[in-house]
>>> print(open('model-v8.cif').read())   # mmCIF, C-alpha atoms and all ligand atoms
data_input
#
loop_
_atom_site.label_atom_id
_atom_site.label_comp_id
_atom_site.auth_asym_id
_atom_site.auth_seq_id
_atom_site.Cartn_x
_atom_site.Cartn_y
_atom_site.Cartn_z
CA MET Q 1 83.34 105.53 110.27
CA VAL Q 2 79.81 105.69 108.95
CA GLY Q 3 79.58 106.36 105.25
CA ALA Q 4 83.31 106.29 104.58
CA LYS Q 5 84.25 104.75 101.29
CA ILE Q 6 87.26 102.45 101.48
CA VAL Q 7 89.53 102.64 98.46
CA ILE Q 8 92.02 99.79 98.15
CA VAL Q 9 94.93 100.46 95.81
CA PHE Q 10 96.98 97.45 94.74
CA ASP Q 11 100.34 97.49 93.07
CA PHE Q 12 100.55 94.53 90.67
CA GLY Q 13 103.98 92.83 90.42
CA ARG Q 14 105.02 91.20 93.73
CA THR Q 15 101.81 92.47 95.35
CA LEU Q 16 98.76 91.05 93.56
CA ILE Q 17 100.87 88.44 91.81
CA ALA Q 18 103.54 86.76 93.90
CA GLU Q 19 106.42 87.53 91.55
CA ASP Q 20 107.40 90.00 88.92
CA ASN Q 21 108.34 88.64 85.55
CA ASP Q 22 111.39 90.78 85.88
CA ARG Q 23 112.07 91.18 82.25
CA TRP Q 24 108.56 92.51 81.79
CA VAL Q 25 108.71 95.00 84.56
CA VAL Q 26 112.04 96.69 84.72
CA GLU Q 27 111.66 99.31 87.35
CA ASN Q 28 113.20 102.74 87.08
CA MET Q 29 115.25 101.95 84.01
CA GLY Q 30 113.53 103.03 80.84
CA LEU Q 31 110.87 100.37 81.05
CA THR Q 32 109.12 101.30 77.83
CA HIS Q 33 112.28 101.02 75.75
CA LEU Q 34 113.21 97.61 77.17
CA PHE Q 35 109.67 96.30 76.84
CA ASN Q 36 109.49 97.29 73.18
CA GLN Q 37 112.90 95.76 72.53
CA MET Q 38 111.78 92.49 74.08
CA MET Q 39 108.56 92.41 72.07
CA GLU Q 40 110.53 92.92 68.85
CA GLU Q 41 112.73 90.01 69.81
CA LEU Q 42 109.76 87.73 70.52
CA HIS Q 43 108.27 88.76 67.19
CA SER Q 44 111.50 87.94 65.36
CA GLU Q 45 111.29 84.48 66.93
CA ASN Q 46 107.79 84.18 65.44
CA LYS Q 47 106.06 84.41 68.81
CA THR Q 48 102.53 85.77 68.42
CA VAL Q 49 100.48 87.93 70.77
CA GLU Q 50 98.29 84.84 71.36
CA GLN Q 51 101.31 82.86 72.52
CA ILE Q 52 102.35 85.64 74.88
CA THR Q 53 98.77 85.68 76.24
CA GLU Q 54 98.91 81.92 76.87
CA CYS Q 55 102.19 82.30 78.68
CA LEU Q 56 100.74 84.97 80.99
CA LYS Q 57 97.97 82.60 82.04
CA ASP Q 58 100.58 80.62 83.98
CA VAL Q 59 101.28 83.56 86.29
CA LEU Q 60 100.21 82.54 89.77
CA LEU Q 61 97.91 84.37 92.12
CA HIS Q 62 97.82 83.15 95.71
CA PRO Q 63 94.37 81.68 96.53
CA HIS Q 64 94.11 83.99 99.56
CA THR Q 65 94.88 87.00 97.40
CA ILE Q 66 92.01 85.95 95.14
CA SER Q 67 89.60 85.57 98.05
CA ALA Q 68 90.82 88.89 99.52
CA ILE Q 69 89.88 90.62 96.28
CA GLN Q 70 86.44 89.00 96.22
CA SER Q 71 85.57 89.60 99.86
CA THR Q 72 86.80 93.21 100.06
CA HIS Q 73 84.79 93.97 96.95
CA ASP Q 74 81.73 92.32 98.47
CA LEU Q 75 82.24 94.41 101.62
CA GLY Q 76 81.73 97.50 99.48
CA CYS Q 77 85.34 98.60 98.97
CA ASP Q 78 86.47 100.28 95.76
CA LEU Q 79 89.42 98.31 94.32
CA LYS Q 80 91.99 99.75 91.92
CA VAL Q 81 95.27 98.59 90.43
CA VAL Q 82 98.04 101.16 90.02
CA SER Q 83 101.01 99.55 88.31
CA ASP Q 84 104.07 100.35 86.31
CA ALA Q 85 103.56 97.15 84.28
CA ASN Q 86 101.13 97.41 81.36
CA GLU Q 87 97.45 96.94 80.57
CA PHE Q 88 97.95 93.88 78.37
CA TYR Q 89 99.81 92.01 81.07
CA ILE Q 90 97.47 92.97 83.92
CA GLU Q 91 94.18 92.55 82.08
CA THR Q 92 95.20 89.17 80.65
CA ILE Q 93 96.04 87.84 84.11
CA LEU Q 94 92.99 89.32 85.87
CA LYS Q 95 90.66 88.07 83.15
CA HIS Q 96 92.16 84.60 83.26
CA HIS Q 97 91.39 84.40 86.98
CA GLY Q 98 87.93 85.95 86.54
CA LEU Q 99 88.91 88.97 88.64
CA GLU Q 100 88.53 91.82 86.18
CA ARG Q 101 85.05 92.81 87.35
CA TYR Q 102 86.19 93.42 90.95
CA PHE Q 103 88.34 96.42 89.99
CA SER Q 104 86.85 99.81 89.21
CA LYS Q 105 90.04 100.90 87.47
CA VAL Q 106 93.43 99.67 86.27
CA ILE Q 107 95.88 102.57 86.02
CA THR Q 108 98.96 101.52 84.09
CA ASN Q 109 100.92 101.94 80.86
CA PRO Q 110 98.77 101.42 77.74
CA ILE Q 111 99.58 98.88 75.03
CA SER Q 112 98.72 98.60 71.39
CA VAL Q 113 99.46 96.05 68.69
CA ASP Q 114 101.19 97.61 65.70
CA GLY Q 115 100.74 96.72 62.02
CA GLU Q 116 103.25 93.87 62.23
CA GLY Q 117 101.54 92.29 65.21
CA ILE Q 118 104.08 93.53 67.76
CA LEU Q 119 102.96 94.75 71.20
CA ARG Q 120 104.02 98.33 71.89
CA ILE Q 121 103.95 99.96 75.28
CA PHE Q 122 103.37 103.68 75.84
CA PRO Q 123 104.02 105.70 78.98
CA TYR Q 124 100.96 106.35 81.15
CA HIS Q 125 102.17 109.94 81.46
CA MET Q 126 105.37 111.93 81.57
CA ALA Q 127 106.29 112.55 85.18
CA SER Q 128 109.08 114.77 86.31
CA CYS Q 129 109.27 113.44 89.84
CA ASN Q 130 112.64 111.99 90.82
CA LEU Q 131 111.25 109.31 93.15
CA CYS Q 132 109.36 107.39 90.45
CA PRO Q 133 109.96 105.84 87.04
CA PRO Q 134 109.52 108.48 84.28
CA ASN Q 135 106.46 106.85 82.73
CA LEU Q 136 104.28 106.56 85.81
CA CYS Q 137 104.34 108.61 89.02
CA LYS Q 138 102.07 106.77 91.43
CA GLY Q 139 102.18 109.76 93.80
CA LEU Q 140 100.53 111.89 91.14
CA VAL Q 141 97.98 109.14 90.49
CA ILE Q 142 97.08 108.95 94.20
CA GLU Q 143 96.67 112.73 94.32
CA GLN Q 144 94.29 112.55 91.38
CA ILE Q 145 92.24 109.78 93.00
CA GLN Q 146 92.14 111.73 96.28
CA ALA Q 147 90.97 114.86 94.48
CA SER Q 148 88.22 113.02 92.61
CA LEU Q 149 86.98 111.41 95.84
CA SER Q 150 87.07 114.44 98.11
CA GLU Q 151 84.06 115.80 96.26
CA LYS Q 152 82.11 112.66 97.07
CA GLY Q 153 82.60 112.69 100.85
CA LYS Q 154 84.69 110.72 103.29
CA SER Q 155 87.10 108.08 102.12
CA ARG Q 156 89.87 105.94 103.58
CA PHE Q 157 92.76 104.49 101.60
CA ILE Q 158 94.52 101.19 101.97
CA TYR Q 159 97.61 101.00 99.74
CA LEU Q 160 99.38 97.69 99.07
CA GLY Q 161 102.77 97.55 97.39
CA ASP Q 162 106.33 96.32 97.48
CA GLY Q 163 108.56 98.48 95.30
CA ARG Q 164 110.46 101.72 95.36
CA GLY Q 165 107.81 103.25 93.08
CA ASP Q 166 105.23 102.60 95.81
CA TYR Q 167 107.02 104.84 98.31
CA PHE Q 168 106.00 108.27 97.04
CA PRO Q 169 102.26 107.46 96.83
CA THR Q 170 102.26 106.19 100.43
CA LEU Q 171 103.64 109.56 101.58
CA LYS Q 172 100.54 111.15 100.04
CA LEU Q 173 98.24 109.15 102.29
CA ASN Q 174 96.61 110.87 105.26
CA LYS Q 175 96.06 110.06 108.89
CA GLY Q 176 93.42 107.34 109.07
CA ASP Q 177 94.71 105.72 105.86
CA HIS Q 178 96.76 102.53 105.85
CA VAL Q 179 99.74 101.24 103.92
CA MET Q 180 100.51 97.53 103.60
CA PRO Q 181 104.12 97.08 102.48
CA ARG Q 182 105.32 93.60 101.57
CA LYS Q 183 107.82 92.64 104.25
CA GLY Q 184 111.49 92.67 103.29
CA PHE Q 185 110.95 94.49 99.98
CA PRO Q 186 112.06 98.04 99.03
CA LEU Q 187 108.86 99.85 100.06
CA SER Q 188 109.00 98.43 103.56
CA ASN Q 189 112.69 99.34 103.87
CA HIS Q 190 112.06 102.90 102.67
CA LEU Q 191 109.22 103.33 105.16
CA LEU Q 192 111.35 102.01 108.01
CA SER Q 193 114.24 104.34 107.16
CA ASP Q 194 112.18 107.42 108.07
CA PRO Q 195 108.88 106.43 109.70
CA ASN Q 196 108.08 110.04 110.64
CA LEU Q 197 107.39 110.98 107.03
CA LEU Q 198 104.41 108.65 106.93
CA LYS Q 199 101.00 109.90 108.12
CA ALA Q 200 99.20 106.60 107.44
CA ASP Q 201 99.53 103.49 109.60
CA SER Q 202 101.79 100.75 108.28
CA HIS Q 203 101.15 96.99 108.43
CA GLU Q 204 103.61 94.53 106.91
CA TRP Q 205 102.60 91.25 105.26
CA SER Q 206 104.60 88.39 103.73
CA ASN Q 207 102.15 86.16 101.87
CA GLY Q 208 98.60 85.92 100.54
CA GLN Q 209 97.26 84.62 103.84
CA GLU Q 210 98.60 87.61 105.78
CA LEU Q 211 97.53 90.00 103.03
CA GLU Q 212 93.97 88.76 103.30
CA SER Q 213 93.70 88.65 107.09
CA ILE Q 214 95.29 92.10 107.64
CA LEU Q 215 93.14 93.65 104.92
CA LEU Q 216 89.93 92.26 106.41
CA GLN Q 217 90.93 93.40 109.92
CA LEU Q 218 91.61 96.92 108.66
CA ILE Q 219 88.27 97.11 106.89
CA GLU Q 220 86.45 95.96 110.01
CA LYS Q 221 88.36 98.54 112.06
CA ILE Q 222 87.59 101.38 109.64
CA TYR Q 223 83.90 100.50 109.51
CA LYS Q 224 83.78 100.58 113.33
CA GLU Q 225 85.55 103.96 113.65
MG MG S 301 105.48 95.72 92.65
ZN ZN S 302 106.61 110.31 91.42
#
>>> encode(input="model-v8.cif", output="structure tokens")
Amino acid sequence: MVGAKIVIVFDFGRTLIAEDNDRWVVENMGLTHLFNQMMEELHSENKTVEQITECLKDVLLHPHTISAIQSTHDLGCDLKVVSDANEFYIETILKHHGLERYFSKVITNPISVDGEGILRIFPYHMASCNLCPPNLCKGLVIEQIQASLSEKGKSRFIYLGDGRGDYFPTLKLNKGDHVMPRKGFPLSNHLLSDPNLLKADSHEWSNGQELESILLQLIEKIYKE
């Protein structure tokens, strides 16, 4: 498709990074409250923000996920992260791997350090949708991205995710878009339970290698359309 812009939207936990640090990302269960509680606890154990940063540098990214990010960016795609984690966590990890510059936007819950040196998380927005966690409705985010792009001409979406919170945004995708659910995880199961609701094409992947090869194939296909 000549002139189409390809937008690649990545979830973060269990998509860009292999695992979720589960206690950091508690899905659908008052994430902000639990996060703040945990930060207070770390603070009471004299753990500093610097120490938490160091700890995050050990989070692994699959080498093929890293090369997928670099090559899709070099092919002219617009890369974004949409995650229910938080900006401190995501930016620390991306920066550590030198990947920050490949993403045009990271849409997630903001963080600030309070007067006592404790990290505080704030909801990205207040959503009233019952499919998503209350602090971030990725469906709404996708709608906003779609609206901002429709003024600029043709675009195609590729959405990669694993979780329940990734289901609603994939239903917002159109014919010609693609969703890449991680195989065996909640998003893939939700999509399989009622495939007719999905307008986009679905392609499962299980590891960084598959993520990279499927992504590159899709881009080649879209550019040829
Ligand atoms: Mg995830
Ligand atoms: Zn929602």
>>> residues_around(input="model-v8.cif", residues="range 38-42 of chain Q", least_positions_apart="2", cutoff="9 Å", atoms="only C-alpha atoms", output="ChimeraX atom specification")
/Q:23-24,33-36,44-48,52,118-120
>>> closest_residue(input="model-v8.cif", among="Q:Pro123, Q:Pro181, Q:Pro195, Q:Pro133", to="ligand ZN 302 (chain S)", atoms="all atoms listed in the file")
Q:Pro133
>>> closest_residue(input="model-v8.cif", among="Q:Thr15, Q:Gln37, Q:Ser83, Q:Thr92", to="Asn135 in chain Q", atoms="all atoms listed in the file")
Q:Ser83
>>> closest_residue(input="model-v8.cif", among="Q:Arg14, Q:His96, Q:Lys80, Q:Lys172", to="ligand ZN 302 (chain S)", atoms="all atoms listed in the file")
Q:Lys172
>>> closest_residue(input="model-v8.cif", among="Q:Asp201, Q:Asp166, Q:Glu100, Q:Asp114", to="ligand MG 301 (chain S)", atoms="only C-alpha atoms and all ligand atoms")
Q:Asp166
>>> residues_near_ligand(input="model-v8.cif", ligand="ligand ZN 302 (chain S)", cutoff="8 Å", atoms="all atoms listed in the file", output="ChimeraX atom specification")
/Q:127-134,136-140,165,168-169
>>> residues_near_ligand(input="model-v8.cif", ligand="ligand MG 301 (chain S)", cutoff="7 Å", atoms="all atoms listed in the file", output="VMD selection string")
chain Q and resid 11 to 15 161 to 163
>>> atom_distance(input="model-v8.cif", atom1="CA of Ile145 in chain Q", atom2="CA of Gly184 in chain Q")
27.7 Å
>>> decode(input="model-v8.cif", residues="range 84-111 of chain Q", atoms="N, CA and C atoms", output="mmCIF file, in the first residue's frame")
data_model
loop_
_atom_site.group_PDB
_atom_site.id
_atom_site.type_symbol
_atom_site.label_atom_id
_atom_site.label_comp_id
_atom_site.auth_asym_id
_atom_site.auth_seq_id
_atom_site.Cartn_x
_atom_site.Cartn_y
_atom_site.Cartn_z
ATOM 1 N N ASP Q 84 0.017 -0.696 30.805
ATOM 2 C CA ASP Q 84 -0.569 -0.418 32.098
ATOM 3 C C ASP Q 84 0.483 -0.452 33.225
ATOM 4 N N ALA Q 85 1.752 -0.554 32.855
ATOM 5 C CA ALA Q 85 2.824 -0.473 33.863
ATOM 6 C C ALA Q 85 3.026 1.008 34.229
ATOM 7 N N ASN Q 86 4.207 1.526 34.169
ATOM 8 C CA ASN Q 86 4.409 2.937 34.502
ATOM 9 C C ASN Q 86 5.637 3.473 33.791
ATOM 10 N N GLU Q 87 5.718 4.800 33.693
ATOM 11 C CA GLU Q 87 6.770 5.413 32.865
ATOM 12 C C GLU Q 87 8.172 5.191 33.436
ATOM 13 N N PHE Q 88 8.275 5.134 34.751
ATOM 14 C CA PHE Q 88 9.585 4.930 35.362
ATOM 15 C C PHE Q 88 10.152 3.560 34.962
ATOM 16 N N TYR Q 89 9.326 2.573 35.117
ATOM 17 C CA TYR Q 89 9.691 1.195 34.809
ATOM 18 C C TYR Q 89 10.062 1.036 33.326
ATOM 19 N N ILE Q 90 9.200 1.527 32.451
ATOM 20 C CA ILE Q 90 9.402 1.341 31.013
ATOM 21 C C ILE Q 90 10.597 2.154 30.507
ATOM 22 N N GLU Q 91 10.669 3.416 30.916
ATOM 23 C CA GLU Q 91 11.757 4.258 30.406
ATOM 24 C C GLU Q 91 13.116 3.799 30.919
ATOM 25 N N THR Q 92 13.161 3.330 32.163
ATOM 26 C CA THR Q 92 14.432 2.822 32.703
ATOM 27 C C THR Q 92 14.920 1.635 31.879
ATOM 28 N N ILE Q 93 14.022 0.724 31.582
ATOM 29 C CA ILE Q 93 14.409 -0.488 30.838
ATOM 30 C C ILE Q 93 14.770 -0.150 29.391
ATOM 31 N N LEU Q 94 13.954 0.667 28.729
ATOM 32 C CA LEU Q 94 14.253 1.018 27.330
ATOM 33 C C LEU Q 94 15.585 1.766 27.229
ATOM 34 N N LYS Q 95 15.798 2.696 28.148
ATOM 35 C CA LYS Q 95 17.031 3.486 28.140
ATOM 36 C C LYS Q 95 18.243 2.578 28.359
ATOM 37 N N HIS Q 96 18.107 1.655 29.291
ATOM 38 C CA HIS Q 96 19.218 0.755 29.592
ATOM 39 C C HIS Q 96 19.635 -0.052 28.357
ATOM 40 N N HIS Q 97 18.674 -0.400 27.523
ATOM 41 C CA HIS Q 97 18.972 -1.172 26.314
ATOM 42 C C HIS Q 97 19.179 -0.275 25.091
ATOM 43 N N GLY Q 98 19.206 1.043 25.307
ATOM 44 C CA GLY Q 98 19.436 1.981 24.212
ATOM 45 C C GLY Q 98 18.300 2.011 23.206
ATOM 46 N N LEU Q 99 17.075 1.755 23.654
ATOM 47 C CA LEU Q 99 15.953 1.611 22.718
ATOM 48 C C LEU Q 99 14.971 2.774 22.751
ATOM 49 N N GLU Q 100 15.196 3.692 23.659
ATOM 50 C CA GLU Q 100 14.247 4.790 23.862
ATOM 51 C C GLU Q 100 13.939 5.557 22.567
ATOM 52 N N ARG Q 101 14.995 5.812 21.787
ATOM 53 C CA ARG Q 101 14.844 6.677 20.613
ATOM 54 C C ARG Q 101 14.017 6.053 19.493
ATOM 55 N N TYR Q 102 13.770 4.745 19.564
ATOM 56 C CA TYR Q 102 13.005 4.081 18.502
ATOM 57 C C TYR Q 102 11.494 4.283 18.655
ATOM 58 N N PHE Q 103 11.056 4.744 19.812
ATOM 59 C CA PHE Q 103 9.622 4.874 20.072
ATOM 60 C C PHE Q 103 9.193 6.335 20.017
ATOM 61 N N SER Q 104 8.121 6.585 19.244
ATOM 62 C CA SER Q 104 7.641 7.962 19.159
ATOM 63 C C SER Q 104 6.865 8.342 20.416
ATOM 64 N N LYS Q 105 6.334 7.334 21.105
ATOM 65 C CA LYS Q 105 5.541 7.648 22.293
ATOM 66 C C LYS Q 105 5.435 6.444 23.231
ATOM 67 N N VAL Q 106 5.476 6.731 24.533
ATOM 68 C CA VAL Q 106 5.188 5.715 25.550
ATOM 69 C C VAL Q 106 3.955 6.191 26.305
ATOM 70 N N ILE Q 107 2.860 5.455 26.140
ATOM 71 C CA ILE Q 107 1.599 5.843 26.786
ATOM 72 C C ILE Q 107 1.380 4.915 27.965
ATOM 73 N N THR Q 108 1.477 5.466 29.168
ATOM 74 C CA THR Q 108 1.404 4.636 30.371
ATOM 75 C C THR Q 108 1.113 5.510 31.581
ATOM 76 N N ASN Q 109 1.054 4.903 32.751
ATOM 77 C CA ASN Q 109 0.785 5.650 33.980
ATOM 78 C C ASN Q 109 2.006 6.471 34.399
ATOM 79 N N PRO Q 110 1.805 7.769 34.672
ATOM 80 C CA PRO Q 110 2.940 8.610 35.079
ATOM 81 C C PRO Q 110 3.404 8.324 36.511
ATOM 82 N N ILE Q 111 4.636 8.737 36.772
ATOM 83 C CA ILE Q 111 5.266 8.507 38.075
ATOM 84 C C ILE Q 111 5.887 9.812 38.536
#
